[in-house]
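Structure data follow from run37.cif (mmCIF, C-alpha atoms):
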```cif
data_structure
loop_
_atom_site.group_PDB
_atom_site.id
_atom_site.type_symbol
_atom_site.label_atom_id
_atom_site.label_comp_id
_atom_site.auth_asym_id
_atom_site.auth_seq_id
_atom_site.Cartn_x
_atom_site.Cartn_y
_atom_site.Cartn_z
ATOM 1 C CA MET S 1 99.485 76.932 107.528
ATOM 2 C CA PRO S 2 99.084 73.258 108.373
ATOM 3 C CA ASP S 3 95.997 71.627 107.017
ATOM 4 C CA GLY S 4 95.936 68.597 109.289
ATOM 5 C CA ARG S 5 92.727 66.654 109.218
ATOM 6 C CA SER S 6 91.180 65.366 112.414
ATOM 7 C CA HIS S 7 91.286 61.649 113.108
ATOM 8 C CA GLY S 8 88.611 62.007 115.722
ATOM 9 C CA VAL S 9 91.490 62.557 118.128
ATOM 10 C CA ARG S 10 90.843 65.310 120.613
ATOM 11 C CA THR S 11 93.482 65.536 123.317
ATOM 12 C CA ASP S 12 97.078 66.640 122.917
ATOM 13 C CA GLU S 13 98.194 63.437 124.582
ATOM 14 C CA GLN S 14 96.349 61.352 121.977
ATOM 15 C CA LEU S 15 97.889 63.445 119.219
ATOM 16 C CA LEU S 16 101.355 62.809 120.648
ATOM 17 C CA ALA S 17 100.688 59.072 120.650
ATOM 18 C CA ARG S 18 99.846 59.330 116.951
ATOM 19 C CA ILE S 19 102.879 61.500 116.257
ATOM 20 C CA ALA S 20 105.007 58.756 117.849
ATOM 21 C CA GLY S 21 103.599 56.590 115.058
ATOM 22 C CA ALA S 22 104.726 59.157 112.473
ATOM 23 C CA ASP S 23 101.260 60.617 111.860
ATOM 24 C CA ARG S 24 101.863 63.912 110.063
ATOM 25 C CA ASP S 25 98.245 65.006 110.222
ATOM 26 C CA ALA S 26 98.290 64.687 114.005
ATOM 27 C CA PHE S 27 101.512 66.713 114.046
ATOM 28 C CA ALA S 28 99.905 69.438 111.944
ATOM 29 C CA ILE S 29 96.961 69.623 114.340
ATOM 30 C CA LEU S 30 99.254 69.859 117.360
ATOM 31 C CA TYR S 31 101.238 72.603 115.628
ATOM 32 C CA GLU S 32 98.105 74.538 114.791
ATOM 33 C CA ARG S 33 96.962 74.321 118.392
ATOM 34 C CA HIS S 34 100.157 75.332 120.133
ATOM 35 C CA ALA S 35 102.664 77.001 117.824
ATOM 36 C CA GLU S 36 101.547 80.531 118.618
ATOM 37 C CA ARG S 37 101.598 79.883 122.325
ATOM 38 C CA ILE S 38 105.096 78.405 122.161
ATOM 39 C CA LEU S 39 106.315 81.229 119.929
ATOM 40 C CA ARG S 40 105.053 83.920 122.304
ATOM 41 C CA PHE S 41 106.740 82.211 125.250
ATOM 42 C CA VAL S 42 110.029 81.829 123.380
ATOM 43 C CA LEU S 43 109.837 85.398 122.131
ATOM 44 C CA ARG S 44 109.508 86.559 125.715
ATOM 45 C CA ILE S 45 112.781 84.795 126.546
ATOM 46 C CA VAL S 46 114.958 85.395 123.471
ATOM 47 C CA ARG S 47 113.285 88.700 122.444
ATOM 48 C CA THR S 48 114.239 88.508 118.776
ATOM 49 C CA PRO S 49 111.542 87.294 116.334
ATOM 50 C CA HIS S 50 114.071 85.628 114.045
ATOM 51 C CA LEU S 51 115.594 83.643 116.920
ATOM 52 C CA ALA S 52 112.183 82.823 118.348
ATOM 53 C CA GLU S 53 111.184 81.283 115.019
ATOM 54 C CA GLU S 54 114.362 79.215 115.063
ATOM 55 C CA VAL S 55 113.585 77.921 118.553
ATOM 56 C CA LEU S 56 109.982 77.131 117.598
ATOM 57 C CA GLN S 57 111.215 75.125 114.637
ATOM 58 C CA GLU S 58 113.729 73.220 116.796
ATOM 59 C CA THR S 59 111.064 72.606 119.421
ATOM 60 C CA MET S 60 108.654 71.111 116.911
ATOM 61 C CA MET S 61 111.353 68.866 115.488
ATOM 62 C CA VAL S 62 112.093 67.586 119.006
ATOM 63 C CA VAL S 63 108.370 66.949 119.483
ATOM 64 C CA TRP S 64 108.248 65.040 116.172
ATOM 65 C CA ASN S 65 111.344 62.973 116.892
ATOM 66 C CA GLU S 66 110.743 62.325 120.575
ATOM 67 C CA ALA S 67 106.975 62.054 120.877
ATOM 68 C CA ASP S 68 107.384 58.402 121.833
ATOM 69 C CA ARG S 69 109.318 59.536 124.916
ATOM 70 C CA PHE S 70 106.387 61.553 126.241
ATOM 71 C CA GLU S 71 105.168 59.520 129.213
ATOM 72 C CA GLY S 72 102.103 61.540 130.142
ATOM 73 C CA ARG S 73 103.353 62.376 133.623
ATOM 74 C CA SER S 74 102.734 66.038 132.868
ATOM 75 C CA LYS S 75 100.428 67.732 130.367
ATOM 76 C CA ALA S 76 101.583 67.777 126.758
ATOM 77 C CA THR S 77 101.676 71.580 126.798
ATOM 78 C CA THR S 78 103.894 71.543 129.883
ATOM 79 C CA TRP S 79 106.228 69.115 128.103
ATOM 80 C CA MET S 80 106.396 71.219 124.931
ATOM 81 C CA LEU S 81 106.869 74.520 126.765
ATOM 82 C CA GLY S 82 109.632 72.876 128.799
ATOM 83 C CA ILE S 83 111.402 71.814 125.583
ATOM 84 C CA ALA S 84 110.998 75.314 124.143
ATOM 85 C CA ARG S 85 112.319 76.850 127.321
ATOM 86 C CA ASN S 86 115.430 74.656 127.380
ATOM 87 C CA LEU S 87 116.161 75.335 123.716
ATOM 88 C CA SER S 88 115.729 79.068 124.288
ATOM 89 C CA HIS S 89 118.270 79.057 127.081
ATOM 90 C CA ASN S 90 120.669 76.915 125.023
ATOM 91 C CA LEU S 91 120.472 79.532 122.308
ATOM 92 C CA LEU S 92 121.031 82.382 124.755
ATOM 93 C CA ARG S 93 124.060 80.540 126.163
ATOM 94 C CA ARG S 94 125.494 80.074 122.660
ATOM 95 C CA GLU S 95 125.031 83.774 122.053
ATOM 96 C CA ALA S 96 126.636 84.664 125.361
ATOM 97 C CA ARG S 97 129.672 82.574 124.382
ATOM 98 C CA GLY S 98 129.781 84.501 121.139
ATOM 99 C CA THR S 99 129.371 81.406 118.991
ATOM 100 C CA ARG S 100 126.634 83.077 117.023
ATOM 101 C CA GLU S 101 125.582 86.534 116.043
ATOM 102 C CA LEU S 102 123.121 88.267 118.291
ATOM 103 C CA ASP S 103 120.431 89.934 116.236
ATOM 104 C CA PRO S 104 119.119 93.145 117.756
ATOM 105 C CA PRO S 105 115.458 93.012 118.756
ATOM 106 C CA ALA S 106 113.228 94.141 115.903
ATOM 107 C CA ALA S 107 112.693 97.882 115.962
ATOM 108 C CA GLY S 108 109.217 97.516 114.515
ATOM 109 C CA GLU S 109 107.160 100.235 112.966
ATOM 110 C CA ASP S 110 106.843 103.669 114.438
ATOM 111 C CA PRO S 111 104.279 103.185 117.207
ATOM 112 C CA GLY S 112 101.151 105.291 117.226
ATOM 113 C CA PRO S 113 100.060 107.025 120.447
ATOM 114 C CA SER S 114 97.960 104.035 121.514
ATOM 115 C CA ALA S 115 100.930 101.723 121.096
ATOM 116 C CA GLU S 116 103.345 103.894 123.010
ATOM 117 C CA ARG S 117 102.501 102.402 126.358
ATOM 118 C CA ALA S 118 102.806 98.880 124.951
ATOM 119 C CA VAL S 119 106.287 99.716 123.715
ATOM 120 C CA LEU S 120 107.169 101.208 127.094
ATOM 121 C CA ILE S 121 105.977 98.077 128.877
ATOM 122 C CA GLU S 122 107.778 95.757 126.470
ATOM 123 C CA SER S 123 110.922 97.763 126.993
ATOM 124 C CA ALA S 124 110.543 97.468 130.778
ATOM 125 C CA VAL S 125 109.975 93.704 130.510
ATOM 126 C CA SER S 126 112.996 93.359 128.245
ATOM 127 C CA ARG S 127 115.225 94.828 130.949
ATOM 128 C CA LEU S 128 114.376 91.918 133.250
ATOM 129 C CA SER S 129 116.617 88.858 133.081
ATOM 130 C CA PRO S 130 115.421 85.960 130.875
ATOM 131 C CA ARG S 131 114.694 83.907 134.016
ATOM 132 C CA LEU S 132 112.393 86.592 135.404
ATOM 133 C CA ARG S 133 110.757 87.228 132.009
ATOM 134 C CA GLU S 134 109.883 83.574 131.532
ATOM 135 C CA VAL S 135 108.287 83.163 134.949
ATOM 136 C CA LEU S 136 106.313 86.380 134.514
ATOM 137 C CA HIS S 137 105.038 85.165 131.147
ATOM 138 C CA LEU S 138 104.031 81.711 132.373
ATOM 139 C CA VAL S 139 102.174 83.053 135.403
ATOM 140 C CA PHE S 140 100.528 86.208 134.073
ATOM 141 C CA TYR S 141 100.208 85.519 130.351
ATOM 142 C CA GLU S 142 99.792 81.737 130.272
ATOM 143 C CA GLU S 143 98.030 81.723 133.645
ATOM 144 C CA LEU S 144 99.579 78.438 134.681
ATOM 145 C CA THR S 145 99.485 77.036 138.207
ATOM 146 C CA LEU S 146 102.489 77.185 140.493
ATOM 147 C CA ARG S 147 103.078 73.474 139.962
ATOM 148 C CA GLU S 148 102.902 73.721 136.170
ATOM 149 C CA VAL S 149 105.381 76.607 136.098
ATOM 150 C CA ALA S 150 107.761 74.678 138.357
ATOM 151 C CA GLU S 151 107.541 71.658 136.017
ATOM 152 C CA ILE S 152 108.252 73.694 132.891
ATOM 153 C CA LEU S 153 111.179 75.529 134.438
ATOM 154 C CA GLY S 154 112.475 72.459 136.266
ATOM 155 C CA ILE S 155 112.821 74.313 139.570
ATOM 156 C CA PRO S 156 111.168 74.004 143.020
ATOM 157 C CA GLU S 157 107.869 75.795 143.623
ATOM 158 C CA GLY S 158 109.535 77.986 146.250
ATOM 159 C CA THR S 159 112.002 79.250 143.638
ATOM 160 C CA VAL S 160 109.134 80.019 141.249
ATOM 161 C CA LYS S 161 107.435 82.096 143.940
ATOM 162 C CA SER S 162 110.594 83.973 144.757
ATOM 163 C CA ARG S 163 111.427 84.674 141.072
ATOM 164 C CA MET S 164 107.869 85.819 140.490
ATOM 165 C CA HIS S 165 108.118 88.167 143.444
ATOM 166 C CA HIS S 166 111.358 89.688 142.122
ATOM 167 C CA ALA S 167 109.943 89.962 138.600
ATOM 168 C CA ARG S 168 106.794 91.818 139.532
ATOM 169 C CA LYS S 169 108.597 94.083 141.996
ATOM 170 C CA ALA S 170 111.157 95.032 139.342
ATOM 171 C CA LEU S 171 108.463 95.633 136.763
ATOM 172 C CA ALA S 172 106.255 97.595 139.162
ATOM 173 C CA LYS S 173 109.215 99.871 139.838
ATOM 174 C CA GLU S 174 109.770 100.418 136.111
ATOM 175 C CA LEU S 175 106.091 101.141 135.494
ATOM 176 C CA ARG S 176 105.730 103.733 138.261
ATOM 177 C CA MET U 1 107.552 83.447 157.287
ATOM 178 C CA THR U 2 104.757 85.834 158.295
ATOM 179 C CA SER U 3 101.255 85.435 156.905
ATOM 180 C CA CYS U 4 101.736 88.664 154.912
ATOM 181 C CA GLU U 5 104.787 87.182 153.187
ATOM 182 C CA ARG U 6 102.977 83.916 152.414
ATOM 183 C CA VAL U 7 100.026 85.806 150.956
ATOM 184 C CA ARG U 8 102.199 88.113 148.837
ATOM 185 C CA GLU U 9 103.939 85.137 147.297
ATOM 186 C CA LEU U 10 100.598 83.687 146.264
ATOM 187 C CA ILE U 11 99.027 86.909 144.985
ATOM 188 C CA PRO U 12 99.976 86.290 141.306
ATOM 189 C CA TRP U 13 98.073 82.989 141.258
ATOM 190 C CA TYR U 14 95.231 84.513 143.273
ATOM 191 C CA ILE U 15 94.810 87.131 140.542
ATOM 192 C CA THR U 16 94.774 84.590 137.714
ATOM 193 C CA GLY U 17 92.453 82.272 139.606
ATOM 194 C CA ARG U 18 94.998 79.440 139.398
ATOM 195 C CA ILE U 19 95.404 78.951 143.127
ATOM 196 C CA GLU U 20 94.595 75.775 145.069
ATOM 197 C CA GLY U 21 91.429 75.797 147.234
ATOM 198 C CA VAL U 22 92.972 76.006 150.706
ATOM 199 C CA ASP U 23 95.452 78.702 149.677
ATOM 200 C CA ALA U 24 92.686 80.719 147.999
ATOM 201 C CA GLU U 25 90.680 80.736 151.228
ATOM 202 C CA MET U 26 93.739 81.762 153.220
ATOM 203 C CA VAL U 27 94.521 84.654 150.834
ATOM 204 C CA ASP U 28 90.871 85.748 150.790
ATOM 205 C CA GLY U 29 90.694 85.828 154.568
ATOM 206 C CA HIS U 30 93.983 87.662 154.923
ATOM 207 C CA LEU U 31 93.220 90.339 152.322
ATOM 208 C CA GLU U 32 90.018 91.263 154.089
ATOM 209 C CA GLY U 33 91.930 92.451 157.127
ATOM 210 C CA CYS U 34 95.249 93.635 155.661
ATOM 211 C CA ALA U 35 95.379 96.949 153.793
ATOM 212 C CA THR U 36 99.091 96.560 152.999
ATOM 213 C CA CYS U 37 98.521 93.268 151.194
ATOM 214 C CA ARG U 38 95.513 94.754 149.388
ATOM 215 C CA ALA U 39 97.828 97.477 148.056
ATOM 216 C CA GLU U 40 100.205 94.725 147.002
ATOM 217 C CA LEU U 41 97.334 93.042 145.178
ATOM 218 C CA VAL U 42 96.518 96.239 143.262
ATOM 219 C CA GLU U 43 100.154 96.666 142.264
ATOM 220 C CA ALA U 44 100.360 93.057 141.068
ATOM 221 C CA MET U 45 97.178 93.553 139.015
ATOM 222 C CA ARG U 46 98.791 96.544 137.277
ATOM 223 C CA VAL U 47 101.848 94.476 136.434
ATOM 224 C CA ARG U 48 99.704 91.653 135.137
ATOM 225 C CA ALA U 49 97.677 93.982 132.921
ATOM 226 C CA ALA U 50 100.947 95.266 131.496
ATOM 227 C CA THR U 51 102.345 91.821 130.718
ATOM 228 C CA LYS U 52 99.177 90.752 128.921
ATOM 229 C CA THR U 53 100.178 93.082 126.100
ATOM 230 C CA GLU U 54 100.790 91.045 122.964
ATOM 231 C CA VAL U 55 103.798 91.480 120.750
ATOM 232 C CA PRO U 56 102.798 91.120 117.071
ATOM 233 C CA ILE U 57 104.078 87.882 115.566
ATOM 234 C CA GLY U 58 103.153 88.518 111.938
ATOM 235 C CA ASP U 59 103.334 85.462 109.701
ATOM 236 C CA SER U 60 105.907 83.629 111.810
ATOM 237 C CA ILE U 61 103.591 80.685 112.435
ATOM 238 C CA ASP U 62 103.106 79.967 108.724
ATOM 239 C CA ARG U 63 106.769 80.536 107.922
ATOM 240 C CA VAL U 64 108.007 78.145 110.618
ATOM 241 C CA TRP U 65 105.460 75.521 109.562
ATOM 242 C CA GLY U 66 106.874 75.687 106.047
ATOM 243 C CA GLN U 67 110.357 74.972 107.423
ATOM 244 C CA VAL U 68 109.187 72.194 109.732
ATOM 245 C CA ASP U 69 107.107 70.576 107.004
ATOM 246 C CA ALA U 70 110.079 70.667 104.627
ATOM 247 C CA GLN U 71 112.169 68.782 107.191
ATOM 248 C CA LEU U 72 109.534 66.068 107.380
ATOM 249 C CA ALA U 73 109.480 65.508 103.626
ATOM 250 C CA PRO U 74 110.159 61.874 102.739
ATOM 251 C CA ASP U 75 113.692 61.058 101.674
ATOM 252 C CA ILE U 76 112.545 58.543 99.102
ATOM 253 C CA SER U 77 109.916 59.685 96.658
ATOM 254 C CA SER U 78 107.322 57.624 94.905
ATOM 255 C CA ILE U 79 107.677 55.071 92.169
ATOM 256 C CA ASP U 80 104.779 54.943 89.780
ATOM 257 C CA ILE U 81 104.471 52.279 87.120
ATOM 258 C CA GLY U 82 101.386 51.954 85.025
ATOM 259 C CA SER U 83 99.811 51.037 81.791
ATOM 260 C CA PHE U 84 97.205 53.390 80.444
ATOM 261 C CA LEU U 85 96.025 50.882 77.882
ATOM 262 C CA LEU U 86 95.415 48.080 80.364
ATOM 263 C CA GLY U 87 93.988 50.419 83.009
ATOM 264 C CA LEU U 88 96.570 49.216 85.559
ATOM 265 C CA ASN U 89 98.680 51.434 87.770
ATOM 266 C CA PHE U 90 101.070 50.363 90.548
ATOM 267 C CA GLY U 91 102.594 52.878 92.965
ATOM 268 C CA VAL U 92 104.886 52.768 96.007
ATOM 269 C CA VAL U 93 105.604 55.669 98.358
ATOM 270 C CA ALA U 94 108.358 55.242 100.961
ATOM 271 C CA GLY U 95 109.366 57.800 103.602
ATOM 272 C CA ARG U 96 112.587 57.077 105.444
ATOM 273 C CA GLY U 97 112.107 60.061 107.731
ATOM 274 C CA SER U 98 108.580 59.153 108.685
ATOM 275 C CA GLY U 99 109.074 55.393 108.447
ATOM 276 C CA THR U 100 106.137 55.089 106.104
ATOM 277 C CA VAL U 101 105.814 52.603 103.269
ATOM 278 C CA ARG U 102 102.638 52.603 101.216
ATOM 279 C CA GLY U 103 101.647 50.827 98.050
ATOM 280 C CA SER U 104 98.576 50.852 95.863
ATOM 281 C CA LEU U 105 97.234 49.170 92.788
ATOM 282 C CA ARG U 106 94.750 50.962 90.593
ATOM 283 C CA VAL U 107 92.664 48.810 88.282
ATOM 284 C CA LEU U 108 90.396 50.558 85.810
ATOM 285 C CA GLY U 109 90.358 53.699 87.944
ATOM 286 C CA ARG U 110 89.634 51.933 91.247
ATOM 287 C CA ASP U 111 92.157 51.899 94.124
ATOM 288 C CA VAL U 112 93.131 48.506 95.512
ATOM 289 C CA PRO U 113 95.336 48.908 98.610
ATOM 290 C CA ILE U 114 98.054 46.291 98.658
ATOM 291 C CA LEU U 115 100.657 47.519 101.136
ATOM 292 C CA GLY U 116 100.695 49.776 104.147
ATOM 293 C CA ARG U 117 103.259 49.730 106.933
ATOM 294 C CA ARG U 118 104.699 52.127 109.437
ATOM 295 C CA ARG U 119 107.925 51.798 111.339
ATOM 296 C CA LYS U 120 106.294 53.035 114.568
ATOM 297 C CA GLU U 121 102.774 51.952 115.379
ATOM 298 C CA ALA U 122 100.488 54.610 116.883
#
```

Represent the structure of the file as structure tokens.
Amino acid sequence: MPDGRSHGVRTDEQLLARIAGADRDAFAILYERHAERILRFVLRIVRTPHLAEEVLQETMMVVWNEADRFEGRSKATTWMLGIARNLSHNLLRREARGTRELDPPAAGEDPGPSAERAVLIESAVSRLSPRLREVLHLVFYEELTLREVAEILGIPEGTVKSRMHHARKALAKELR
Amino acid sequence: MTSCERVRELIPWYITGRIEGVDAEMVDGHLEGCATCRAELVEAMRVRAATKTEVPIGDSIDRVWGQVDAQLAPDISSIDIGSFLLGLNFGVVAGRGSGTVRGSLRVLGRDVPILGRRRKEA
């Protein structure tokens, strides 16, 4: 676990400015704050823990190397989730082309009765396309605004609304 | 687009409370008088509750940090020259990856900074 010390810096944007100056402590703090959030988002898209870890690692290296390109036009979290999203789709495209092995999603331990519904839900979510899974996650799990989701996905707000509609309708049908 | 369709599109953000003021008022007003959209709201709430379920991530966060941290390790390690008898110690640490160059002089156990430069200024 990172053990970054505070420099009296509080906002993500200030941390990114320090990371642009090669401040490793600031990078450790940013990682500690957001790694789990990024990982959960990526996991929702790529579905395999091993691949999600790979994307998280790539994402953080992009953040480290390109922090000086962050212009503050969006929130730092929006910027990082956007990077993670693009890398996730790159990886899925590489897999679709067969240029790398597709690991099966982790089977996990035998679920107890209380976990059965969670497994059922996860299975229903996994049957949605990656584009529907990501929008569902950003809206319902991350609770982002319409504008923020559109920024991360790089699509118009109208498309976000329509994908969200399809996603929840498909999931509602599965959960009936 | 009918008002029902507009409201249904906004229901997800209405549920999470991440809806803009004017839209929130419009959805509020519409839901009061539209049973069909209220049913839609209930269905969307069920879906949301389902997607809030967390997949366990184990020790992934620590493991990935280990890999990221290893990639940031400086390419050039430190040079340390000193004399125990004279109580003098001179050290230089240079990191090509991080663009960091640091130097220090230790005299009788006390640090005397003599060099500190970064490629990119914060």

Matched chain/residue IDs from the PyMOL selection byres ((chain S) within 9 of (chain U)), as a PyMOL selection string:
chain S and resi 1-2+17-24+28+31-32+35-36+39-40+43+49-50+53-54+56-58+60-61+64+117-118+121-122+125+136-137+139-141+143-146+161-162+164-165+168-169+171-172+175

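Here CA of His166 in chain S is placed at a distance of 14.6 Å from CA of Leu138 in chain S.
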
Please return the centre and edge lengths, in Å to one decimal, of a box with edges along x, y and z that contains all listed atoms of range 76-94 of chain S, widened by 5 Å on every side, as lines of an AutoDock Vina configuration file.
```
center_x = 113.5
center_y = 75.1
center_z = 126.1
size_x = 33.9
size_y = 24.6
size_z = 17.6
```

Residues selected by the PyMOL selection byres ((chain S and resi 75) around 12), written as a count of residues only:
23

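Between CA of Gly21 in chain U and CA of Ala167 in chain S the separation is 24.9 Å.
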